[in-house]
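K.L.:
I am sharing query31.cif, which consists of mmCIF, C-alpha atoms:
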data_final
loop_
_atom_site.label_atom_id
_atom_site.label_comp_id
_atom_site.auth_asym_id
_atom_site.auth_seq_id
_atom_site.Cartn_x
_atom_site.Cartn_y
_atom_site.Cartn_z
CA MET A 11 108.87 108.28 121.40
CA LEU A 12 109.18 106.52 118.09
CA LEU A 13 109.79 108.91 115.27
CA ARG A 14 110.19 107.71 111.74
CA THR A 15 112.51 110.34 110.38
CA ALA A 16 115.76 111.28 112.04
CA TRP A 17 116.53 114.51 110.26
CA SER A 18 115.59 117.71 111.94
CA LEU A 19 117.03 120.10 109.39
CA LEU A 20 114.66 122.59 107.87
CA TYR A 21 114.16 122.78 104.12
CA PHE A 22 112.49 125.41 102.05
CA PHE A 23 111.11 125.30 98.56
CA SER A 24 109.19 127.91 96.61
CA LEU A 25 107.79 127.63 93.11
CA LEU A 26 107.28 131.32 92.67
CA PRO A 27 109.66 133.67 90.92
CA GLN A 28 110.40 136.73 93.00
CA THR A 29 108.08 139.07 91.13
CA ALA A 30 105.29 141.26 92.39
CA ALA A 31 102.44 139.62 90.45
CA PRO A 32 100.56 137.50 89.72
CA VAL A 33 100.09 135.92 93.11
CA ARG A 34 99.97 132.13 93.02
CA PRO A 35 100.18 129.46 95.69
CA SER A 36 103.74 128.68 96.60
CA PRO A 37 104.29 125.22 98.08
CA GLU A 38 107.02 124.86 100.64
CA PHE A 39 108.30 121.49 101.78
CA HIS A 40 109.69 120.43 105.09
CA ASP A 41 110.83 117.06 106.28
CA ALA A 42 108.36 115.51 108.71
CA ASP A 43 108.35 112.90 111.45
CA THR A 44 105.42 110.76 112.43
CA ASP A 45 104.63 109.04 115.68
CA PRO A 46 103.13 105.64 114.85
CA LYS A 47 101.42 105.46 118.25
CA THR A 48 99.51 108.70 118.01
CA GLY A 49 99.49 109.27 114.25
CA GLU A 50 100.74 112.77 114.90
CA VAL A 51 103.03 114.45 112.40
CA ARG A 52 105.75 116.87 113.53
CA PHE A 53 107.65 119.33 111.44
CA ASP A 54 109.59 122.56 111.73
CA PRO A 55 107.43 125.68 111.42
CA PHE A 56 107.18 127.45 108.10
CA GLN A 57 106.99 130.71 110.03
CA THR A 58 109.24 132.34 112.57
CA VAL A 59 108.19 131.33 116.06
CA ASP A 60 109.33 133.07 119.22
CA TRP A 61 109.60 129.95 121.33
CA GLN A 62 110.94 131.83 124.32
CA GLN A 63 107.90 134.06 124.35
CA LEU A 64 105.66 131.02 124.13
CA ALA A 65 107.56 129.41 126.97
CA GLN A 66 107.03 132.49 129.13
CA ARG A 67 103.31 132.10 128.58
CA ASP A 68 102.81 128.34 128.44
CA LEU A 69 105.57 126.69 130.45
CA LYS A 70 103.64 125.40 133.45
CA ASP A 71 106.48 123.93 135.49
CA PHE A 72 108.73 126.95 135.49
CA ASN A 73 108.06 130.67 135.59
CA LEU A 74 110.83 132.18 133.47
CA ARG A 75 110.53 135.63 135.04
CA ARG A 76 110.01 134.72 138.67
CA PRO A 77 110.68 131.04 139.31
CA THR A 78 109.68 129.83 142.73
CA PRO A 79 112.18 127.92 144.88
CA GLU A 80 110.04 124.83 144.35
CA GLN A 81 110.23 125.23 140.58
CA VAL A 82 114.01 125.65 140.70
CA ALA A 83 114.30 122.57 142.89
CA GLY A 84 112.07 120.66 140.49
CA LEU A 85 114.20 121.48 137.47
CA LYS A 86 117.40 120.72 139.37
CA LYS A 87 115.98 117.31 140.19
CA HIS A 88 114.92 116.83 136.57
CA LEU A 89 118.47 117.67 135.49
CA ARG A 90 119.87 115.11 137.89
CA ASP A 91 117.37 112.44 136.87
CA GLN A 92 117.16 113.04 133.13
CA PRO A 93 120.24 114.87 131.85
CA LEU A 94 120.56 115.42 128.14
CA GLU A 95 124.09 114.05 128.00
CA GLU A 96 126.52 112.09 130.17
CA SER A 97 128.11 115.13 131.75
CA GLY A 98 124.75 116.09 133.19
CA THR A 99 125.13 119.72 132.20
CA PHE A 100 121.92 120.22 130.27
CA ALA A 101 118.35 119.04 130.47
CA GLU A 102 115.14 119.88 128.63
CA ILE A 103 111.55 120.48 129.60
CA GLN A 104 108.62 120.61 127.23
CA PHE A 105 105.58 122.79 126.93
CA ALA A 106 102.58 122.92 124.62
CA SER A 107 101.12 126.01 122.96
CA PRO A 108 98.14 126.54 120.68
CA PRO A 109 98.93 127.20 117.00
CA GLU A 110 99.55 130.86 116.37
CA THR A 111 97.11 132.89 114.31
CA GLY A 112 99.39 133.26 111.30
CA MET A 113 99.91 129.52 111.06
CA THR A 114 96.26 128.69 110.67
CA ARG A 115 95.88 130.92 107.61
CA GLY A 116 97.80 128.37 105.54
CA PHE A 117 96.89 124.96 104.19
CA TYR A 118 98.96 122.03 105.40
CA TYR A 119 99.27 118.70 103.64
CA LEU A 120 101.16 115.50 104.17
CA LEU A 121 102.76 114.25 100.98
CA SER A 122 103.37 110.55 101.32
CA GLY A 123 104.46 108.59 98.24
CA ALA A 124 101.83 109.53 95.67
CA ASP A 125 99.23 110.66 98.15
CA LEU A 126 98.37 114.07 99.52
CA GLN A 127 96.46 114.36 102.77
CA PRO A 128 95.24 117.50 104.46
CA LEU A 129 96.70 118.10 107.89
CA GLN A 130 94.96 119.62 110.84
CA LEU A 131 97.18 121.65 113.13
CA LEU A 132 96.92 120.48 116.71
CA ARG A 133 99.46 122.43 118.74
CA LEU A 134 103.03 123.58 119.07
CA ASP A 135 105.36 121.41 121.11
CA GLY A 136 108.08 123.62 122.55
CA THR A 137 111.26 122.78 124.40
CA MET A 138 113.46 124.74 126.77
CA ARG A 139 117.02 123.51 127.21
CA TYR A 140 118.59 124.69 130.44
CA THR A 141 121.56 124.36 132.72
CA LEU A 142 122.48 125.46 136.23
CA SER A 143 124.18 128.68 137.20
CA ALA A 144 127.84 128.56 138.22
CA GLN A 145 126.77 128.49 141.86
CA LYS A 146 124.26 125.74 140.98
CA THR A 147 121.54 127.70 142.69
CA ALA A 148 119.61 129.03 139.71
CA ILE A 149 118.22 127.73 136.43
CA VAL A 150 119.79 129.25 133.33
CA PRO A 151 117.62 128.87 130.23
CA GLY A 152 119.62 128.05 127.12
CA VAL A 153 117.84 127.61 123.82
CA PHE A 154 114.15 127.45 123.01
CA PHE A 155 112.87 125.51 120.04
CA GLY A 156 109.97 123.34 118.95
CA LYS A 157 107.82 121.68 116.31
CA ILE A 158 104.38 122.05 114.85
CA VAL A 159 102.19 119.05 115.61
CA ALA A 160 99.44 118.08 113.18
CA LYS A 161 97.30 115.11 112.38
CA PRO A 162 96.28 113.73 108.98
CA ALA A 163 92.79 112.45 108.27
CA ALA A 164 94.24 108.94 107.91
CA PRO A 165 97.61 107.61 109.08
CA PRO A 166 100.32 107.60 106.38
CA ALA A 167 101.53 104.38 104.79
CA GLU A 168 104.12 102.61 106.92
CA ASP A 169 107.27 103.30 104.88
CA ALA A 170 106.25 106.21 102.71
CA PRO A 171 108.36 109.36 102.64
CA LEU A 172 106.84 112.25 104.50
CA TRP A 173 107.00 115.83 103.44
CA SER A 174 104.76 118.39 104.98
CA SER A 175 103.62 121.09 102.62
CA ARG A 176 101.71 124.30 102.98
CA ALA A 177 99.49 125.38 100.11
CA PRO A 178 95.88 125.08 99.00
CA ALA A 179 95.34 121.86 97.07
CA SER A 180 92.89 119.38 95.62
CA SER A 181 93.72 116.10 93.94
CA SER A 182 93.19 114.26 90.69
CA ARG A 183 94.88 111.52 88.65
CA SER A 184 96.19 111.75 85.10
CA MET B 28 105.37 133.10 101.66
CA VAL B 29 102.61 133.90 99.17
CA PHE B 30 99.07 132.65 99.59
CA SER B 31 96.22 132.53 97.13
CA GLY B 32 92.56 131.65 97.25
CA SER B 33 92.92 129.57 94.12
CA SER B 34 93.52 125.88 94.61
CA LEU B 35 96.41 123.73 93.52
CA VAL B 36 95.50 120.44 91.87
CA PHE B 37 97.37 117.34 92.99
CA THR B 38 97.82 114.96 90.05
CA VAL B 39 99.53 111.59 90.03
CA LEU B 40 101.51 111.21 86.80
CA SER B 41 102.03 108.03 84.82
CA GLY B 42 104.08 107.06 81.77
CA SER B 43 107.36 108.36 83.07
CA SER B 44 110.60 106.87 84.28
CA PHE B 45 113.25 107.91 86.77
CA SER B 46 116.69 106.33 86.82
CA ALA B 47 119.89 106.89 88.75
CA GLN B 48 123.46 105.75 88.63
CA LYS B 49 126.76 106.51 90.25
CA VAL B 50 129.29 108.00 87.85
CA GLY B 51 132.65 108.51 89.49
CA LYS B 52 132.09 110.71 92.52
CA GLN B 53 128.75 111.94 91.22
CA ASP B 54 125.22 110.59 91.40
CA PHE B 55 123.50 111.04 88.05
CA TYR B 56 119.71 111.22 87.81
CA GLU B 57 117.52 111.14 84.72
CA TYR B 58 113.78 111.64 84.43
CA VAL B 59 111.93 110.91 81.19
CA ARG B 60 108.33 111.80 80.38
CA ASP B 61 106.62 112.39 77.05
CA ARG B 62 109.96 111.99 75.25
CA LYS B 63 111.46 114.81 77.29
CA ARG B 64 114.53 114.24 79.42
CA TRP B 65 115.65 116.02 82.54
CA SER B 66 118.90 115.21 84.28
CA LEU B 67 120.85 116.18 87.34
CA SER B 68 124.30 115.36 88.64
CA VAL B 69 125.14 115.83 92.32
CA PRO B 70 128.10 114.83 94.51
CA ASP B 71 127.74 111.19 95.49
CA GLU B 72 125.94 110.65 98.77
CA GLY B 73 124.97 107.07 98.12
CA LEU B 74 121.56 107.84 96.67
CA PHE B 75 121.66 106.10 93.30
CA GLU B 76 119.74 102.80 93.70
CA VAL B 77 116.06 103.47 93.07
CA LEU B 78 113.52 101.43 94.98
CA SER B 79 110.49 103.31 93.67
CA SER B 80 109.58 106.66 92.18
CA SER B 81 106.29 108.57 92.24
CA PRO B 82 105.91 111.50 89.85
CA PHE B 83 103.12 113.96 90.50
CA LYS B 84 102.02 117.51 89.90
CA LEU B 85 101.07 120.18 92.39
CA GLY B 86 99.29 122.73 90.28
CA GLN B 87 101.50 123.27 87.24
CA SER B 88 104.62 122.21 89.07
CA GLU B 89 105.97 118.71 88.64
CA PHE B 90 107.76 116.67 91.28
CA ILE B 91 109.14 113.18 91.76
CA ASN B 92 109.19 111.40 95.06
CA VAL B 93 111.97 108.79 95.06
CA GLU B 94 112.61 106.06 97.57
CA TRP B 95 116.14 104.69 97.55
CA LYS B 96 117.26 101.20 98.46
CA PRO B 97 118.50 100.83 102.04
CA ASP B 98 122.24 101.18 102.59
CA THR B 99 122.63 97.59 103.76
CA GLU B 100 126.39 97.62 103.21
CA ASN B 101 126.76 100.60 105.51
CA GLN B 102 128.81 102.64 103.07
CA TYR B 103 126.85 105.85 103.57
CA GLY B 104 125.70 105.65 107.17
CA GLY B 105 123.69 102.44 106.91
CA CYS B 106 120.33 104.20 106.59
CA GLU B 107 117.29 101.97 106.38
CA ARG B 108 115.00 104.47 104.69
CA GLN B 109 116.14 107.08 102.21
CA PHE B 110 113.95 109.44 100.19
CA SER B 111 114.42 112.38 97.87
CA LEU B 112 112.00 114.90 96.43
CA PHE B 113 112.89 116.39 93.04
CA ALA B 114 111.32 119.34 91.23
CA VAL B 115 111.02 119.02 87.46
CA GLU B 116 111.74 122.48 86.13
CA GLN B 117 114.01 123.65 83.32
CA GLU B 118 116.39 121.22 84.93
CA LEU B 119 115.83 118.49 87.44
CA ARG B 120 116.31 119.93 90.91
CA LEU B 121 116.79 118.22 94.24
CA VAL B 122 114.39 119.79 96.72
CA VAL B 123 115.03 117.73 99.81
CA SER B 124 116.42 114.38 100.89
CA SER B 125 115.69 112.50 104.05
CA ARG B 126 117.34 109.53 105.71
CA SER B 127 116.27 107.59 108.76
CA GLY B 128 117.21 104.47 110.63
CA CYS B 129 120.89 105.29 110.20
CA ASP B 130 123.82 103.89 112.16
CA VAL B 131 125.40 107.27 112.58
#
Is it possible to give me this structure as structure tokens?

P.N.:
Amino acid sequence: MLLRTAWSLLYFFSLLPQTAAPVRPSPEFHDADTDPKTGEVRFDPFQTVDWQQLAQRDLKDFNLRRPTPEQVAGLKKHLRDQPLEESGTFAEIQFASPPETGMTRGFYYLLSGADLQPLQLLRLDGTMRYTLSAQKTAIVPGVFFGKIVAKPAAPPAEDAPLWSSRAPASSSRS
Amino acid sequence: MVFSGSSLVFTVLSGSSFSAQKVGKQDFYEYVRDRKRWSLSVPDEGLFEVLSSSPFKLGQSEFINVEWKPDTENQYGGCERQFSLFAVEQELRLVVSSRSGCDV
């Protein structure tokens, strides 16, 4: 997959002083990647996401609580065929989840150069990294993580910087 | 995170300038608008050659989106695309930087 931005670190920015009132919109900014083929934008969630819980619900190829022998064999084969690194210790499988309720209460925008586009949340793309047990008979889940996937109304300019932001907004020009 | 029903207005700003230079082991940034000057000095990370800058406002808050020249001499990782977002507050503040297409 072609992704424009290599950084995966999460950034946070708030304009609000830490006072009780008045309540005003508080933009937060995260780095974002875009897939030129699909036009989809990916960024780290602004909220805490329990990716393991989502994986328990939405991971189709592997039942975390009671994996079948076929599922274990499938992930062992996947580890052999597509290891994450040369030693072949770890591999990853992906799953998709619908956006969580709390996420859809916000407003998401793509800030690209001097342009602000509303983003529509599409889904959560989660990943489970795993390894084999010492006896190499069982799958041992490692870390769970993922990205929010959204789509702008129009694709961003080719080389513009991408920051995803969450706040209500409208636009004008001075 | 605080939400509000009131909208932010996105405004592209004109009549301003953003400049950068390397001073010793620091990168020095200066933003000028309406005869006001904001500056910031940060440890040098190779982000001091401006390709373009786009000032704008989100609500009452002012920002500058800066694209830096590619690191063609590979002195700072050889990144092809480098961007920074600054907040214009009492002082100039670096919000986030992003690099892509790097050698390392």

K.L.:
Name the closest residue to chain A among the candidates B:Ala114, B:Ala47, B:Leu67, B:Leu74; distances are taken between atoms, counting all atoms listed in the file.

P.N.:
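Closest to chain A, using all atoms listed in the file: B:Ala114.
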
K.L.:
Quick one: of B:Phe37, B:Gln102, B:Arg64, B:Gln117, who's nearest to A:Gln127, counting all atoms listed in the file?

P.N.:
B:Phe37

K.L.:
Please, what distance in Å, to one decimal, runs between atom CA of A:Leu126 and atom CA of A:Val51?

P.N.:
13.7 Å

K.L.:
Which neighbours of stretch 81-95 of chain B fall inside 6 Å, counting only C-alpha atoms, when residues of the same chain fewer than 3 positions from it are skipped, and could you give them as a list in words?

P.N.:
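With the cut-off at 6 Å, the set is Ala124 of chain A; Leu35, Val36, Phe37, Thr38, Val39, Leu40, Glu76, Val77, Leu78, Gln109, Phe110, Ser111, Leu112, Phe113, Ala114 and Val115 of chain B.
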
K.L.:
Translate the PyMOL selection byres ((chain A and resi 162) around 12) into a concrete residue list for this structure, as a compact mmCIF listing (two decimals) with C-alpha atoms, in the coordinates of the input.

P.N.:
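Full text of result.txt as output:
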# COMPACT_ATOMS: atom_id res chain seq x y z
CA THR A 44 105.42 110.76 112.43
CA ASP A 45 104.63 109.04 115.68
CA THR A 48 99.51 108.70 118.01
CA GLY A 49 99.49 109.27 114.25
CA GLU A 50 100.74 112.77 114.90
CA VAL A 51 103.03 114.45 112.40
CA ARG A 52 105.75 116.87 113.53
CA TYR A 118 98.96 122.03 105.40
CA TYR A 119 99.27 118.70 103.64
CA LEU A 120 101.16 115.50 104.17
CA LEU A 121 102.76 114.25 100.98
CA SER A 122 103.37 110.55 101.32
CA ASP A 125 99.23 110.66 98.15
CA LEU A 126 98.37 114.07 99.52
CA GLN A 127 96.46 114.36 102.77
CA PRO A 128 95.24 117.50 104.46
CA LEU A 129 96.70 118.10 107.89
CA GLN A 130 94.96 119.62 110.84
CA LEU A 131 97.18 121.65 113.13
CA LEU A 132 96.92 120.48 116.71
CA VAL A 159 102.19 119.05 115.61
CA ALA A 160 99.44 118.08 113.18
CA LYS A 161 97.30 115.11 112.38
CA ALA A 163 92.79 112.45 108.27
CA ALA A 164 94.24 108.94 107.91
CA PRO A 165 97.61 107.61 109.08
CA PRO A 166 100.32 107.60 106.38
CA ALA A 167 101.53 104.38 104.79
CA LEU A 172 106.84 112.25 104.50
CA SER A 174 104.76 118.39 104.98

K.L.:
For A:Leu142, please output as a list in words all residues within 9 Å (counting all atoms listed in the file; exclusion window: fewer than 4 positions along the same chain).

P.N.:
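Once the adjacent positions are removed, what remains is Lys86, Leu89, Thr99, Phe100, Lys146, Thr147, Ala148, Ile149, Val150 and Pro151 of chain A.
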
K.L.:
Using only C-alpha atoms, find the one residue out of A:Thr111, A:Gln92, A:Thr78, A:Gln62 that sits nearest to A:Gly152.

P.N.:
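Using only C-alpha atoms, A:Gly152 sits closest to A:Gln62.
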
K.L.:
Please provide as a ChimeraX atom specification all residues within 9 Å of B:Tyr56, with the sequence filter that same-chain residues fewer than 5 positions apart are discarded (counting all atoms listed in the file).

P.N.:
/B:45-49,65-69,75,119

K.L.:
Separation of atom CA of A:Gln104 and atom CA of A:Asp135, in Å?

P.N.:
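Result for atom CA of A:Gln104 versus atom CA of A:Asp135: 7.0 Å, one decimal.
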
K.L.:
To test the calculation: enclose all listed atoms of stretch 56-66 of chain A in a box whose edges run along x, y and z, add 4 Å on each side, then state centre and edge lengths in Å to one decimal, as AutoDock Vina command-line options.

P.N.:
--center_x 108.3 --center_y 130.8 --center_z 118.6 --size_x 13.3 --size_y 14.6 --size_z 29.0

K.L.:
For chain B, which residue among A:Asn73, A:Gln66, A:Gln145, A:Thr58 is the nearest when counting all atoms listed in the file?

P.N.:
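Nearest candidate to chain B out of A:Asn73, A:Gln66, A:Gln145, A:Thr58: A:Thr58.
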
K.L.:
Could you state the separation of atom CA of A:Ala101 and atom CA of B:Ser125 in Å, given to one decimal place?

P.N.:
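About the pair atom CA of A:Ala101 and atom CA of B:Ser125: they are 27.3 Å apart.
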
K.L.:
Quick check on the file I pasted: which residues fall under the PyMOL selection byres ((chain B and resi 98) around 10)? Write them as a VMD selection string.

P.N.:
chain B and resid 73 to 74 76 95 to 97 99 to 109 129

K.L.:
Emit the selected residues as a PDB file, in the coordinates of the input, including C-alpha atoms.

P.N.:
ATOM      1  CA  GLY B  73     124.970 107.070  98.120  1.00  0.00           C
ATOM      2  CA  LEU B  74     121.560 107.840  96.670  1.00  0.00           C
ATOM      3  CA  GLU B  76     119.740 102.800  93.700  1.00  0.00           C
ATOM      4  CA  TRP B  95     116.140 104.690  97.550  1.00  0.00           C
ATOM      5  CA  LYS B  96     117.260 101.200  98.460  1.00  0.00           C
ATOM      6  CA  PRO B  97     118.500 100.830 102.040  1.00  0.00           C
ATOM      7  CA  THR B  99     122.630  97.590 103.760  1.00  0.00           C
ATOM      8  CA  GLU B 100     126.390  97.620 103.210  1.00  0.00           C
ATOM      9  CA  ASN B 101     126.760 100.600 105.510  1.00  0.00           C
ATOM     10  CA  GLN B 102     128.810 102.640 103.070  1.00  0.00           C
ATOM     11  CA  TYR B 103     126.850 105.850 103.570  1.00  0.00           C
ATOM     12  CA  GLY B 104     125.700 105.650 107.170  1.00  0.00           C
ATOM     13  CA  GLY B 105     123.690 102.440 106.910  1.00  0.00           C
ATOM     14  CA  CYS B 106     120.330 104.200 106.590  1.00  0.00           C
ATOM     15  CA  GLU B 107     117.290 101.970 106.380  1.00  0.00           C
ATOM     16  CA  ARG B 108     115.000 104.470 104.690  1.00  0.00           C
ATOM     17  CA  GLN B 109     116.140 107.080 102.210  1.00  0.00           C
ATOM     18  CA  CYS B 129     120.890 105.290 110.200  1.00  0.00           C
TER      19      CYS B 129
END

K.L.:
Fewer than 2 positions away in the same chain doesn't count, so skip those; otherwise give me all residues within 6 Å of A:Ile158, counting all atoms listed in the file, as a list in words.

P.N.:
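Non-adjacent residues within range: Arg52, Phe53, Pro55 and Leu134 of chain A.
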
K.L.:
Taking the file above as input, evaluate the PyMOL selection byres ((chain A and resi 102) around 6) and report the hits as a tab-separated table (two decimals) with C-alpha atoms, in the coordinates of the input.

P.N.:
chain	number	residue	atom	x	y	z
A	101	ALA	CA	118.35	119.04	130.47
A	103	ILE	CA	111.55	120.48	129.60
A	138	MET	CA	113.46	124.74	126.77
A	139	ARG	CA	117.02	123.51	127.21

K.L.:
Using only C-alpha atoms, find the one residue out of A:Lys87, A:Arg115, A:Arg67, A:Arg76 that sits nearest to chain B.

P.N.:
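Looking only at the distances to chain B, the closest residue turns out to be A:Arg115.
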